[in-house]
>>> print(open('query.pdb').read())   # PDB, C-alpha atoms and all ligand atoms
ATOM      1  CA  MET F 834     111.055  36.677  -1.983
ATOM      2  CA  ILE F 835     108.173  39.120  -2.041
ATOM      3  CA  LYS F 836     104.741  37.530  -1.828
ATOM      4  CA  ARG F 837     101.727  38.422  -4.043
ATOM      5  CA  CYS F 838      98.005  38.381  -3.105
ATOM      6  CA  LYS F 839      96.411  35.140  -4.315
ATOM      7  CA  ARG F 840      93.245  36.955  -5.398
ATOM      8  CA  CYS F 841      94.380  40.338  -6.917
ATOM      9  CA  ASN F 842      98.072  39.537  -7.531
ATOM     10  CA  LYS F 843      99.189  42.768  -5.739
ATOM     11  CA  LEU F 844     102.628  42.694  -4.219
ATOM     12  CA  LEU F 845     102.491  42.180  -0.476
ATOM     13  CA  PHE F 846     105.037  43.965   1.724
ATOM     14  CA  PHE F 847     104.197  44.029   5.429
ATOM     15  CA  ARG F 848     100.463  43.857   5.523
ATOM     16  CA  SER F 849      99.920  40.305   4.205
ATOM     17  CA  LYS F 850      97.294  37.947   5.614
ATOM     18  CA  LEU F 851      97.592  34.186   5.701
ATOM     19  CA  TYR F 852      94.254  32.551   5.081
ATOM     20  CA  MET F 853      93.795  28.862   4.391
ATOM     21  CA  ASP F 854      97.484  28.408   3.522
ATOM     22  CA  ASN F 855      97.385  31.327   1.039
ATOM     23  CA  TYR F 856      98.508  34.959   1.315
ATOM     24  CA  TYR F 857      96.049  37.793   0.565
ATOM     25  CA  CYS F 858      96.056  41.574   0.760
ATOM     26  CA  PRO F 859      93.839  42.694   3.682
ATOM     27  CA  LYS F 860      90.979  43.704   1.331
ATOM     28  CA  CYS F 861      90.934  40.364  -0.543
ATOM     29  CA  ALA F 862      91.397  38.412   2.657
ATOM     30  CA  ALA F 863      88.166  39.979   3.964
ATOM     31  CA  ILE F 864      86.310  39.224   0.670
ATOM     32  CA  VAL F 865      87.512  35.608   0.451
ATOM     33  CA  GLN F 866      86.766  35.031   4.074
ATOM     34  CA  ALA F 867      83.293  36.531   3.705
ATOM     35  CA  ARG F 868      82.639  34.415   0.615
ATOM     36  CA  ASP F 869      83.729  31.241   2.444
ATOM     37  CA  ILE F 870      81.568  32.086   5.441
ATOM     38  CA  GLU F 871      78.596  32.645   3.121
ATOM     39  CA  GLU F 872      79.239  29.328   1.362
ATOM     40  CA  GLU F 873      79.600  27.580   4.657
ATOM     41  CA  ASN F 874      76.314  29.103   5.806
ATOM     42  CA  LYS F 875      74.618  28.045   2.581
ATOM     43  CA  LYS F 876      75.940  24.531   3.070
ATOM     44  CA  LEU F 877      74.713  24.480   6.651
ATOM     45  CA  GLU F 878      71.324  25.831   5.549
ATOM     46  CA  HIS F 879      71.104  23.172   2.847
ATOM     47  CA  GLU F 880      71.989  20.421   5.334
ATOM     48  CA  LYS F 881      69.431  21.817   7.731
ATOM     49  CA  GLN F 882      66.778  21.712   5.000
ATOM     50  CA  ILE F 883      67.673  18.135   4.122
ATOM     51  CA  ALA F 884      67.510  17.137   7.780
ATOM     52  CA  GLU F 885      64.162  18.915   8.066
ATOM     53  CA  LYS F 886      62.864  17.099   5.000
ATOM     54  CA  LYS F 887      64.056  13.775   6.376
ATOM     55  CA  LEU F 888      62.317  14.486   9.652
ATOM     56  CA  GLN F 889      59.095  15.422   7.840
ATOM     57  CA  LEU F 890      59.289  12.232   5.806
ATOM     58  CA  LYS F 891      59.872  10.188   8.915
ATOM     59  CA  LYS F 892      56.934  11.869  10.640
ATOM     60  CA  ALA F 893      54.764  11.276   7.575
ATOM     61  CA  ARG F 894      55.755   7.637   7.498
ATOM     62  CA  ILE F 895      54.865   7.282  11.176
ATOM     63  CA  ARG F 896      51.565   9.102  10.577
ATOM     64  CA  SER F 897      50.702   6.881   7.632
ATOM     65  CA  LYS F 898      51.687   3.825   9.655
ATOM     66  CA  ILE F 899      49.349   4.962  12.434
ATOM     67  CA  ALA F 900      46.661   5.729   9.864
ATOM     68  CA  ASP F 901      47.130   2.295   8.293
ATOM     69  CA  LYS F 902      46.877   0.687  11.686
ATOM     70  CA  ARG F 903      43.748   2.668  12.491
ATOM     71  CA  LEU F 904      42.208   1.830   9.141
ATOM     72  CA  LEU F 905      42.983  -1.826   9.712
ATOM     73  CA  GLU F 906      41.442  -1.663  13.156
ATOM     74  CA  GLU F 907      38.366   0.062  11.768
ATOM     75  CA  LEU F 908      38.012  -2.555   9.053
ATOM     76  CA  GLU F 909      38.420  -5.306  11.616
ATOM     77  CA  SER F 910      35.780  -3.834  13.878
ATOM     78  CA  GLU F 911      33.445  -3.347  10.897
ATOM     79  CA  LYS F 912      33.980  -6.977  10.008
ATOM     80  CA  ARG F 913      33.216  -8.018  13.571
ATOM     81  CA  GLU F 914      30.049  -5.904  13.525
ATOM     82  CA  LEU F 915      28.898  -7.521  10.291
ATOM     83  CA  LEU F 916      29.623 -10.977  11.637
ATOM     84  CA  LYS F 917      27.726 -10.204  14.814
ATOM     85  CA  LYS F 918      24.798  -8.909  12.758
ATOM     86  CA  SER F 919      24.686 -11.978  10.533
ATOM     87  CA  GLU F 920      24.972 -14.242  13.562
ATOM     88  CA  LYS F 921      22.062 -12.437  15.180
ATOM     89  CA  LYS F 922      20.060 -12.757  11.967
ATOM     90  CA  ALA F 923      20.822 -16.471  11.704
ATOM     91  CA  GLU F 924      19.862 -17.002  15.327
ATOM     92  CA  LYS F 925      16.607 -15.139  14.773
ATOM     93  CA  LEU F 926      15.850 -17.261  11.714
ATOM     94  CA  ARG F 927      16.713 -20.429  13.619
ATOM     95  CA  LEU F 928      14.361 -19.502  16.468
ATOM     96  CA  LYS F 929      11.653 -18.643  13.960
ATOM     97  CA  GLN F 930      12.036 -21.977  12.238
ATOM     98  CA  GLN F 931      12.191 -23.786  15.541
ATOM     99  CA  LYS F 932       8.928 -22.126  16.514
ATOM    100  CA  LYS F 933       7.462 -23.006  13.121
ATOM    101  CA  SER F 934       8.485 -26.653  13.402
ATOM    102  CA  LYS F 935       6.985 -26.723  16.900
ATOM    103  CA  ASP F 936       3.749 -25.279  15.508
ATOM    104  CA  ILE F 937       3.378 -27.795  12.699
ATOM    105  CA  PRO F 938       2.873 -30.932  14.821
ATOM    106  CA  THR F 939       0.219 -29.298  16.991
ATOM    107  CA  GLU F 940      -1.673 -28.317  13.853
ATOM    108  CA  GLU F 941      -1.226 -31.350  11.658
ATOM    109  CA  TYR F 942      -0.373 -34.294  13.855
ATOM    110  CA  PRO F 943      -3.764 -34.878  15.497
ATOM    111  CA  VAL F 944      -5.447 -35.276  12.109
ATOM    112  CA  LYS F 945      -2.873 -37.783  10.872
ATOM    113  CA  ARG F 946      -2.697 -39.600  14.187
ATOM    114  CA  GLN F 947      -6.465 -39.874  14.380
ATOM    115  CA  THR F 948      -6.587 -41.725  11.060
ATOM    116  CA  HIS F 949      -3.648 -43.852  12.051
ATOM    117  CA  GLU F 950      -5.089 -44.737  15.451
ATOM    118  CA  LEU F 951      -8.116 -46.160  13.691
ATOM    119  CA  TYR F 952      -5.864 -48.761  12.057
ATOM    120  CA  PHE F 953      -4.903 -51.927  13.924
ATOM    121  CA  ASP F 954      -2.180 -51.541  16.499
ATOM    122  CA  ARG F 955       1.302 -52.812  15.740
ATOM    123  CA  ASP F 956       0.959 -56.021  17.775
ATOM    124  CA  THR F 957      -2.330 -56.971  16.135
ATOM    125  CA  ILE F 958      -0.767 -56.478  12.698
ATOM    126  CA  HIS F 959       2.160 -58.761  13.596
ATOM    127  CA  GLN F 960      -0.068 -61.446  15.133
ATOM    128  CA  HIS F 961      -2.099 -61.936  11.933
ATOM    129  CA  ASP F 962      -1.087 -62.877   8.407
ATOM    130  CA  THR F 963      -3.874 -60.920   6.703
ATOM    131  CA  LEU F 964      -5.894 -57.984   7.976
ATOM    132  CA  LEU F 965      -8.476 -55.718   6.371
ATOM    133  CA  TYR F 966      -9.400 -52.245   7.479
ATOM    134  CA  VAL F 967     -12.412 -50.485   5.935
ATOM    135  CA  GLU F 968     -13.402 -46.916   6.680
ATOM    136  CA  VAL F 969     -16.628 -45.695   5.154
ATOM    137  CA  GLU F 970     -18.443 -42.370   5.191
ATOM    138  CA  VAL F 971     -21.119 -40.894   2.956
ATOM    139  CA  ASN F 972     -18.578 -39.403   0.585
ATOM    140  CA  LYS F 973     -15.497 -41.496   1.308
ATOM    141  CA  LEU F 974     -14.401 -45.128   1.210
ATOM    142  CA  THR F 975     -10.979 -46.375   2.261
ATOM    143  CA  ALA F 976      -9.793 -49.969   2.395
ATOM    144  CA  VAL F 977      -6.344 -50.998   3.614
ATOM    145  CA  GLU F 978      -4.958 -54.501   3.949
ATOM    146  CA  TRP F 979      -1.857 -55.971   5.632
ATOM    147  CA  LEU F 980      -0.174 -59.078   4.328
ATOM    148  CA  HIS F 981       2.524 -60.370   6.695
ATOM    149  CA  GLY F 982       2.849 -56.884   8.144
ATOM    150  CA  LYS F 983       3.086 -55.130   4.808
ATOM    151  CA  LYS F 984       0.497 -52.397   4.315
ATOM    152  CA  ARG F 985      -1.296 -51.802   1.026
ATOM    153  CA  VAL F 986      -4.079 -49.341   0.238
ATOM    154  CA  VAL F 987      -6.685 -51.348  -1.647
ATOM    155  CA  LEU F 988      -9.299 -48.650  -2.186
ATOM    156  CA  SER F 989      -9.394 -44.915  -1.712
ATOM    157  CA  HIS F 990     -12.566 -43.436  -3.150
ATOM    158  CA  LYS F 991     -14.190 -40.066  -2.687
ATOM    159  CA  ARG F 992     -17.406 -38.814  -4.177
ATOM    160  CA  GLU F 993     -18.567 -35.238  -4.466
ATOM    161  CA  LEU F 994     -22.176 -34.883  -3.358
ATOM    162  CA  ARG F 995     -22.420 -31.115  -3.490
ATOM    163  CA  ARG F 996     -21.522 -30.873  -7.132
ATOM    164  CA  THR F 997     -25.033 -31.954  -8.140
ATOM    165  CA  ARG F 998     -26.528 -28.911  -6.423
ATOM    166  CA  ALA F 999     -25.232 -26.727  -9.207
ATOM    167  CA  GLY F1000     -27.606 -28.630 -11.473
ATOM    168  CA  GLY F1001     -30.532 -26.611 -10.077
ATOM    169  CA  PHE F1002     -31.725 -28.420  -6.924
ATOM    170  CA  SER F1003     -33.771 -26.517  -4.354
ATOM    171  CA  ALA F1004     -32.488 -26.740  -0.766
ATOM    172  CA  GLU F1005     -35.219 -29.203   0.156
ATOM    173  CA  LYS F1006     -34.596 -31.401  -2.843
ATOM    174  CA  PHE F1007     -30.865 -31.297  -2.189
ATOM    175  CA  GLN F1008     -31.409 -32.509   1.400
ATOM    176  CA  LYS F1009     -33.539 -35.376   0.096
ATOM    177  CA  PHE F1010     -30.780 -36.218  -2.365
ATOM    178  CA  ILE F1011     -28.226 -36.266   0.451
ATOM    179  CA  ASP F1012     -30.446 -38.454   2.617
ATOM    180  CA  ALA F1013     -30.934 -40.884  -0.252
ATOM    181  CA  LYS F1014     -27.180 -40.993  -0.792
ATOM    182  CA  LYS F1015     -26.685 -41.721   2.905
ATOM    183  CA  LYS F1016     -29.025 -44.668   2.638
ATOM    184  CA  GLU F1017     -27.137 -45.798  -0.422
ATOM    185  CA  THR F1018     -23.703 -45.454   1.130
ATOM    186  CA  GLY F1019     -23.607 -49.107   2.161
ATOM    187  CA  GLU F1020     -24.574 -50.129  -1.331
ATOM    188  CA  TRP F1021     -21.980 -47.850  -2.861
ATOM    189  CA  ALA F1022     -19.259 -49.281  -0.622
ATOM    190  CA  VAL F1023     -20.313 -52.881  -1.158
ATOM    191  CA  ASP F1024     -20.304 -52.356  -4.901
ATOM    192  CA  LEU F1025     -16.758 -50.971  -4.850
ATOM    193  CA  LEU F1026     -15.404 -53.597  -2.435
ATOM    194  CA  GLY F1027     -17.121 -56.450  -4.248
ATOM    195  CA  ARG F1028     -15.472 -55.799  -7.581
ATOM    196  CA  SER F1029     -13.225 -58.621  -8.640
ATOM    197  CA  GLY F1030      -9.567 -58.305  -7.686
ATOM    198  CA  VAL F1031     -10.150 -55.726  -4.980
ATOM    199  CA  LEU F1032     -10.252 -57.941  -1.862
ATOM    200  CA  ARG F1033      -8.604 -61.308  -1.091
ATOM    201  CA  ASP F1034     -10.780 -64.356  -0.530
ATOM    202  CA  LYS F1035     -10.186 -64.484   3.220
ATOM    203  CA  TYR F1036      -8.808 -62.307   6.004
ATOM    204  CA  ASP F1037      -7.726 -63.245   9.515
ATOM    205  CA  LEU F1038      -9.158 -60.016  10.904
ATOM    206  CA  ILE F1039     -11.472 -57.308   9.544
ATOM    207  CA  LYS F1040     -12.171 -53.924  11.095
ATOM    208  CA  VAL F1041     -14.884 -51.538   9.899
ATOM    209  CA  VAL F1042     -14.965 -47.899  10.943
ATOM    210  CA  SER F1043     -17.719 -45.341  10.301
ATOM    211  CA  THR F1044     -19.332 -42.406  12.062
ATOM    212  CA  LYS F1045     -22.709 -43.893  11.092
ATOM    213  CA  ASP F1046     -23.576 -47.074  13.040
ATOM    214  CA  ASN F1047     -26.050 -48.393  10.481
ATOM    215  CA  ILE F1048     -23.472 -48.139   7.688
ATOM    216  CA  LYS F1049     -20.852 -49.821   9.883
ATOM    217  CA  GLU F1050     -23.230 -52.696  10.630
ATOM    218  CA  GLU F1051     -24.207 -53.075   7.002
ATOM    219  CA  LEU F1052     -20.574 -53.313   5.933
ATOM    220  CA  GLU F1053     -19.661 -55.687   8.758
ATOM    221  CA  SER F1054     -22.378 -58.104   7.813
ATOM    222  CA  TYR F1055     -21.357 -57.902   4.144
ATOM    223  CA  LEU F1056     -17.695 -58.572   4.974
ATOM    224  CA  GLU F1057     -18.460 -61.641   7.154
ATOM    225  CA  LYS F1058     -17.998 -63.902   4.168
ATOM    226  CA  TYR F1059     -14.357 -62.843   3.937
ATOM    227  CA  LEU F1060     -13.553 -64.266   7.355
TER     228      LEU F1060
HETATM  229 ZN    ZN Y1101      94.353  41.290  -2.946
END
>>> encode(input="query.pdb", output="structure tokens")
Amino acid sequence: MIKRCKRCNKLLFFRSKLYMDNYYCPKCAAIVQARDIEEENKKLEHEKQIAEKKLQLKKARIRSKIADKRLLEELESEKRELLKKSEKKAEKLRLKQQKKSKDIPTEEYPVKRQTHELYFDRDTIHQHDTLLYVEVEVNKLTAVEWLHGKKRVVLSHKRELRRTRAGGFSAEKFQKFIDAKKKETGEWAVDLLGRSGVLRDKYDLIKVVSTKDNIKEELESYLEKYL
């Protein structure tokens, strides 16, 4: 049986070519072969491109992973910086406040303590049922009593002497006014202390304090009747 070319259908006598299980004339065999080689090359090229793309994607993924890691690290270090800063700030504030709280006692304590030291000491207060403390100055009168150790402020009066100067006193007249008030201080204090309901009938111990000796003596002699 005479074979025919698979591509052009020409009758093949001696010069037939077997290619991929089919018979071709030499011309068609070359064309088919060339076409197959081209297709094969295209396929290879396509596979190469896909592989290339895959590689690029993989590289990109690695890059973005590295970038993510770096970003995370940067954020972490920023966070640490902020924390450090706020810790420093807090420490600074703490030191400032510590300094402040150290300053306060040296400024305010002596004044408070001075007043307090003028009171009876703790033992004296506990050894007596009733005690009276009177502090008197030209413009100030304070009376404090203790009943079975319990403190109570009985009187706390202040008077403004300078206010009257606005009424048109000359300096000399004002000084006279002040002097007169000083002389009257005892009277002023006695009047306030002597009002009914201010003091108890009797005290176990009375202490009078004043920067002016004459006023102190005047008050002490007045308060004798309460002992
Ligand atoms: Zn052919």
>>> residues_near_ligand(input="query.pdb", ligand="ligand ZN 1101 (chain Y)", cutoff="12 Å", atoms="all atoms listed in the file", output="mmCIF file with C-alpha atoms, in the frame of the given file")
data_model
loop_
_atom_site.group_PDB
_atom_site.id
_atom_site.type_symbol
_atom_site.label_atom_id
_atom_site.label_comp_id
_atom_site.auth_asym_id
_atom_site.auth_seq_id
_atom_site.Cartn_x
_atom_site.Cartn_y
_atom_site.Cartn_z
ATOM 1 C CA LYS F 836 104.741 37.530 -1.828
ATOM 2 C CA ARG F 837 101.727 38.422 -4.043
ATOM 3 C CA CYS F 838 98.005 38.381 -3.105
ATOM 4 C CA LYS F 839 96.411 35.140 -4.315
ATOM 5 C CA ARG F 840 93.245 36.955 -5.398
ATOM 6 C CA CYS F 841 94.380 40.338 -6.917
ATOM 7 C CA ASN F 842 98.072 39.537 -7.531
ATOM 8 C CA LYS F 843 99.189 42.768 -5.739
ATOM 9 C CA LEU F 844 102.628 42.694 -4.219
ATOM 10 C CA LEU F 845 102.491 42.180 -0.476
ATOM 11 C CA PHE F 846 105.037 43.965 1.724
ATOM 12 C CA ARG F 848 100.463 43.857 5.523
ATOM 13 C CA SER F 849 99.920 40.305 4.205
ATOM 14 C CA LYS F 850 97.294 37.947 5.614
ATOM 15 C CA LEU F 851 97.592 34.186 5.701
ATOM 16 C CA TYR F 852 94.254 32.551 5.081
ATOM 17 C CA ASN F 855 97.385 31.327 1.039
ATOM 18 C CA TYR F 856 98.508 34.959 1.315
ATOM 19 C CA TYR F 857 96.049 37.793 0.565
ATOM 20 C CA CYS F 858 96.056 41.574 0.760
ATOM 21 C CA PRO F 859 93.839 42.694 3.682
ATOM 22 C CA LYS F 860 90.979 43.704 1.331
ATOM 23 C CA CYS F 861 90.934 40.364 -0.543
ATOM 24 C CA ALA F 862 91.397 38.412 2.657
ATOM 25 C CA ALA F 863 88.166 39.979 3.964
ATOM 26 C CA ILE F 864 86.310 39.224 0.670
ATOM 27 C CA VAL F 865 87.512 35.608 0.451
#
>>> resolve_selection(input="query.pdb", expression="the PyMOL selection byres (((chain F and resi 1039) around 7) and not hetatm)", output="list in words")
Leu964, Leu965, Tyr966, Tyr1036, Leu1038, Lys1040 and Val1041 of chain F
>>> resolve_selection(input="query.pdb", expression="the PyMOL selection byres (((chain F and resi 1043) around 10) and not hetatm)", output="list in words")
Val967, Glu968, Val969, Glu970, Val971, Leu974, Val1041, Val1042, Thr1044, Lys1045, Asp1046, Asn1047, Ile1048, Lys1049, Glu1050 and Leu1052 of chain F
>>> residues_around(input="query.pdb", residues="F:Ile958", least_positions_apart="6", cutoff="8 Å", atoms="all atoms listed in the file", output="list of chain:residue names")
F:Leu964, F:Trp979, F:His981, F:Gly982
>>> axis_aligned_box(input="query.pdb", around="stretch 1000-1016 of chain F", padding_each_side="8 Å", output="lines of an AutoDock Vina configuration file")
center_x = -31.0
center_y = -35.6
center_z = -4.3
size_x = 24.5
size_y = 34.2
size_z = 30.4
>>> atom_distance(input="query.pdb", atom1="atom CA of F:Asp1034", atom2="atom CA of F:Tyr1059")
5.9 Å
>>> resolve_selection(input="query.pdb", expression="the PyMOL selection byres (((chain F and resi 983-988) around 12) and not hetatm)", output="PyMOL selection string")
chain F and resi 952-953+955+958-959+961-969+973-982+989-991+1022-1028+1030-1033
>>> residues_around(input="query.pdb", residues="F:Ile1011", least_positions_apart="3", cutoff="9 Å", atoms="only C-alpha atoms", output="list in words")
Val971, Leu994, Arg995, Lys1006, Phe1007, Gln1008, Lys1014, Lys1015 and Lys1016 of chain F
>>> atom_distance(input="query.pdb", atom1="atom CA of F:Asp956", atom2="atom CA of F:Lys1058")
24.6 Å
>>> decode(input="query.pdb", residues="stretch 955-966 of chain F", atoms="all heavy atoms", output="PDB file, in the first residue's frame")
ATOM      1  N   ARG F 955       2.170  67.497 126.337  1.00  0.00           N
ATOM      2  CA  ARG F 955       1.235  66.370 126.339  1.00  0.00           C
ATOM      3  C   ARG F 955       0.999  65.816 127.759  1.00  0.00           C
ATOM      4  O   ARG F 955      -0.138  65.568 128.158  1.00  0.00           O
ATOM      5  CB  ARG F 955       1.794  65.272 125.430  1.00  0.00           C
ATOM      6  CG  ARG F 955       0.797  64.222 125.034  1.00  0.00           C
ATOM      7  CD  ARG F 955       1.456  63.200 124.137  1.00  0.00           C
ATOM      8  NE  ARG F 955       1.730  63.756 122.813  1.00  0.00           N
ATOM      9  CZ  ARG F 955       0.893  63.614 121.773  1.00  0.00           C
ATOM     10  NH1 ARG F 955      -0.229  62.943 121.904  1.00  0.00           N
ATOM     11  NH2 ARG F 955       1.192  64.139 120.609  1.00  0.00           N
ATOM     12  N   ASP F 956       2.092  65.664 128.506  1.00  0.00           N
ATOM     13  CA  ASP F 956       1.970  65.093 129.859  1.00  0.00           C
ATOM     14  C   ASP F 956       1.127  65.989 130.757  1.00  0.00           C
ATOM     15  O   ASP F 956       0.264  65.500 131.490  1.00  0.00           O
ATOM     16  CB  ASP F 956       3.364  64.909 130.476  1.00  0.00           C
ATOM     17  CG  ASP F 956       4.093  63.724 129.854  1.00  0.00           C
ATOM     18  OD1 ASP F 956       3.388  62.899 129.208  1.00  0.00           O
ATOM     19  OD2 ASP F 956       5.320  63.641 129.997  1.00  0.00           O
ATOM     20  N   THR F 957       1.404  67.293 130.688  1.00  0.00           N
ATOM     21  CA  THR F 957       0.659  68.247 131.515  1.00  0.00           C
ATOM     22  C   THR F 957      -0.832  68.155 131.203  1.00  0.00           C
ATOM     23  O   THR F 957      -1.676  68.155 132.112  1.00  0.00           O
ATOM     24  CB  THR F 957       1.172  69.682 131.263  1.00  0.00           C
ATOM     25  OG1 THR F 957       2.589  69.680 131.369  1.00  0.00           O
ATOM     26  CG2 THR F 957       0.581  70.661 132.263  1.00  0.00           C
ATOM     27  N   ILE F 958      -1.150  68.059 129.918  1.00  0.00           N
ATOM     28  CA  ILE F 958      -2.561  67.975 129.500  1.00  0.00           C
ATOM     29  C   ILE F 958      -3.216  66.721 130.090  1.00  0.00           C
ATOM     30  O   ILE F 958      -4.348  66.772 130.577  1.00  0.00           O
ATOM     31  CB  ILE F 958      -2.668  67.991 127.953  1.00  0.00           C
ATOM     32  CG1 ILE F 958      -2.318  69.395 127.418  1.00  0.00           C
ATOM     33  CG2 ILE F 958      -4.076  67.601 127.501  1.00  0.00           C
ATOM     34  CD1 ILE F 958      -2.131  69.477 125.924  1.00  0.00           C
ATOM     35  N   HIS F 959      -2.479  65.602 130.115  1.00  0.00           N
ATOM     36  CA  HIS F 959      -3.060  64.354 130.607  1.00  0.00           C
ATOM     37  C   HIS F 959      -3.132  64.290 132.123  1.00  0.00           C
ATOM     38  O   HIS F 959      -3.920  63.536 132.679  1.00  0.00           O
ATOM     39  CB  HIS F 959      -2.299  63.155 130.037  1.00  0.00           C
ATOM     40  CG  HIS F 959      -2.645  62.921 128.606  1.00  0.00           C
ATOM     41  ND1 HIS F 959      -3.885  62.439 128.216  1.00  0.00           N
ATOM     42  CD2 HIS F 959      -1.961  63.151 127.459  1.00  0.00           C
ATOM     43  CE1 HIS F 959      -3.916  62.377 126.888  1.00  0.00           C
ATOM     44  NE2 HIS F 959      -2.768  62.808 126.402  1.00  0.00           N
ATOM     45  N   GLN F 960      -2.302  65.122 132.796  1.00  0.00           N
ATOM     46  CA  GLN F 960      -2.278  65.092 134.265  1.00  0.00           C
ATOM     47  C   GLN F 960      -3.366  65.976 134.888  1.00  0.00           C
ATOM     48  O   GLN F 960      -3.596  65.932 136.078  1.00  0.00           O
ATOM     49  CB  GLN F 960      -0.896  65.529 134.776  1.00  0.00           C
ATOM     50  CG  GLN F 960       0.124  64.401 134.728  1.00  0.00           C
ATOM     51  CD  GLN F 960       1.542  64.909 134.694  1.00  0.00           C
ATOM     52  OE1 GLN F 960       1.818  66.069 135.002  1.00  0.00           O
ATOM     53  NE2 GLN F 960       2.452  64.036 134.294  1.00  0.00           N
ATOM     54  N   HIS F 961      -4.023  66.793 134.057  1.00  0.00           N
ATOM     55  CA  HIS F 961      -5.054  67.699 134.585  1.00  0.00           C
ATOM     56  C   HIS F 961      -6.374  67.500 133.863  1.00  0.00           C
ATOM     57  O   HIS F 961      -6.392  67.222 132.672  1.00  0.00           O
ATOM     58  CB  HIS F 961      -4.605  69.153 134.438  1.00  0.00           C
ATOM     59  CG  HIS F 961      -3.364  69.484 135.202  1.00  0.00           C
ATOM     60  ND1 HIS F 961      -2.108  69.216 134.711  1.00  0.00           N
ATOM     61  CD2 HIS F 961      -3.188  70.044 136.434  1.00  0.00           C
ATOM     62  CE1 HIS F 961      -1.204  69.595 135.598  1.00  0.00           C
ATOM     63  NE2 HIS F 961      -1.833  70.101 136.661  1.00  0.00           N
ATOM     64  N   ASP F 962      -7.471  67.671 134.627  1.00  0.00           N
ATOM     65  CA  ASP F 962      -8.793  67.505 134.017  1.00  0.00           C
ATOM     66  C   ASP F 962      -9.140  68.701 133.135  1.00  0.00           C
ATOM     67  O   ASP F 962      -9.669  68.552 132.042  1.00  0.00           O
ATOM     68  CB  ASP F 962      -9.868  67.352 135.106  1.00  0.00           C
ATOM     69  CG  ASP F 962      -9.822  65.961 135.720  1.00  0.00           C
ATOM     70  OD1 ASP F 962      -9.240  65.066 135.066  1.00  0.00           O
ATOM     71  OD2 ASP F 962     -10.354  65.784 136.831  1.00  0.00           O
ATOM     72  N   THR F 963      -8.825  69.913 133.659  1.00  0.00           N
ATOM     73  CA  THR F 963      -9.174  71.128 132.912  1.00  0.00           C
ATOM     74  C   THR F 963      -7.984  72.066 132.868  1.00  0.00           C
ATOM     75  O   THR F 963      -7.339  72.316 133.886  1.00  0.00           O
ATOM     76  CB  THR F 963     -10.368  71.870 133.570  1.00  0.00           C
ATOM     77  OG1 THR F 963     -10.064  72.058 134.958  1.00  0.00           O
ATOM     78  CG2 THR F 963     -11.657  71.095 133.419  1.00  0.00           C
ATOM     79  N   LEU F 964      -7.710  72.569 131.672  1.00  0.00           N
ATOM     80  CA  LEU F 964      -6.596  73.506 131.492  1.00  0.00           C
ATOM     81  C   LEU F 964      -7.056  74.663 130.623  1.00  0.00           C
ATOM     82  O   LEU F 964      -7.901  74.478 129.745  1.00  0.00           O
ATOM     83  CB  LEU F 964      -5.413  72.841 130.815  1.00  0.00           C
ATOM     84  CG  LEU F 964      -4.776  71.602 131.452  1.00  0.00           C
ATOM     85  CD1 LEU F 964      -5.331  70.349 130.826  1.00  0.00           C
ATOM     86  CD2 LEU F 964      -3.266  71.651 131.306  1.00  0.00           C
ATOM     87  N   LEU F 965      -6.481  75.838 130.888  1.00  0.00           N
ATOM     88  CA  LEU F 965      -6.807  77.014 130.065  1.00  0.00           C
ATOM     89  C   LEU F 965      -5.517  77.669 129.587  1.00  0.00           C
ATOM     90  O   LEU F 965      -4.584  77.888 130.348  1.00  0.00           O
ATOM     91  CB  LEU F 965      -7.627  78.024 130.869  1.00  0.00           C
ATOM     92  CG  LEU F 965      -7.978  79.326 130.116  1.00  0.00           C
ATOM     93  CD1 LEU F 965      -8.937  79.061 128.960  1.00  0.00           C
ATOM     94  CD2 LEU F 965      -8.584  80.351 131.081  1.00  0.00           C
ATOM     95  N   TYR F 966      -5.517  77.947 128.309  1.00  0.00           N
ATOM     96  CA  TYR F 966      -4.361  78.614 127.698  1.00  0.00           C
ATOM     97  C   TYR F 966      -4.865  79.911 127.084  1.00  0.00           C
ATOM     98  O   TYR F 966      -5.825  79.908 126.318  1.00  0.00           O
ATOM     99  CB  TYR F 966      -3.758  77.698 126.633  1.00  0.00           C
ATOM    100  CG  TYR F 966      -2.754  78.367 125.724  1.00  0.00           C
ATOM    101  CD1 TYR F 966      -1.403  78.423 126.054  1.00  0.00           C
ATOM    102  CD2 TYR F 966      -3.169  78.942 124.523  1.00  0.00           C
ATOM    103  CE1 TYR F 966      -0.493  79.029 125.211  1.00  0.00           C
ATOM    104  CE2 TYR F 966      -2.262  79.550 123.665  1.00  0.00           C
ATOM    105  CZ  TYR F 966      -0.927  79.591 124.015  1.00  0.00           C
ATOM    106  OH  TYR F 966      -0.026  80.189 123.186  1.00  0.00           O
TER     107      TYR F 966
END
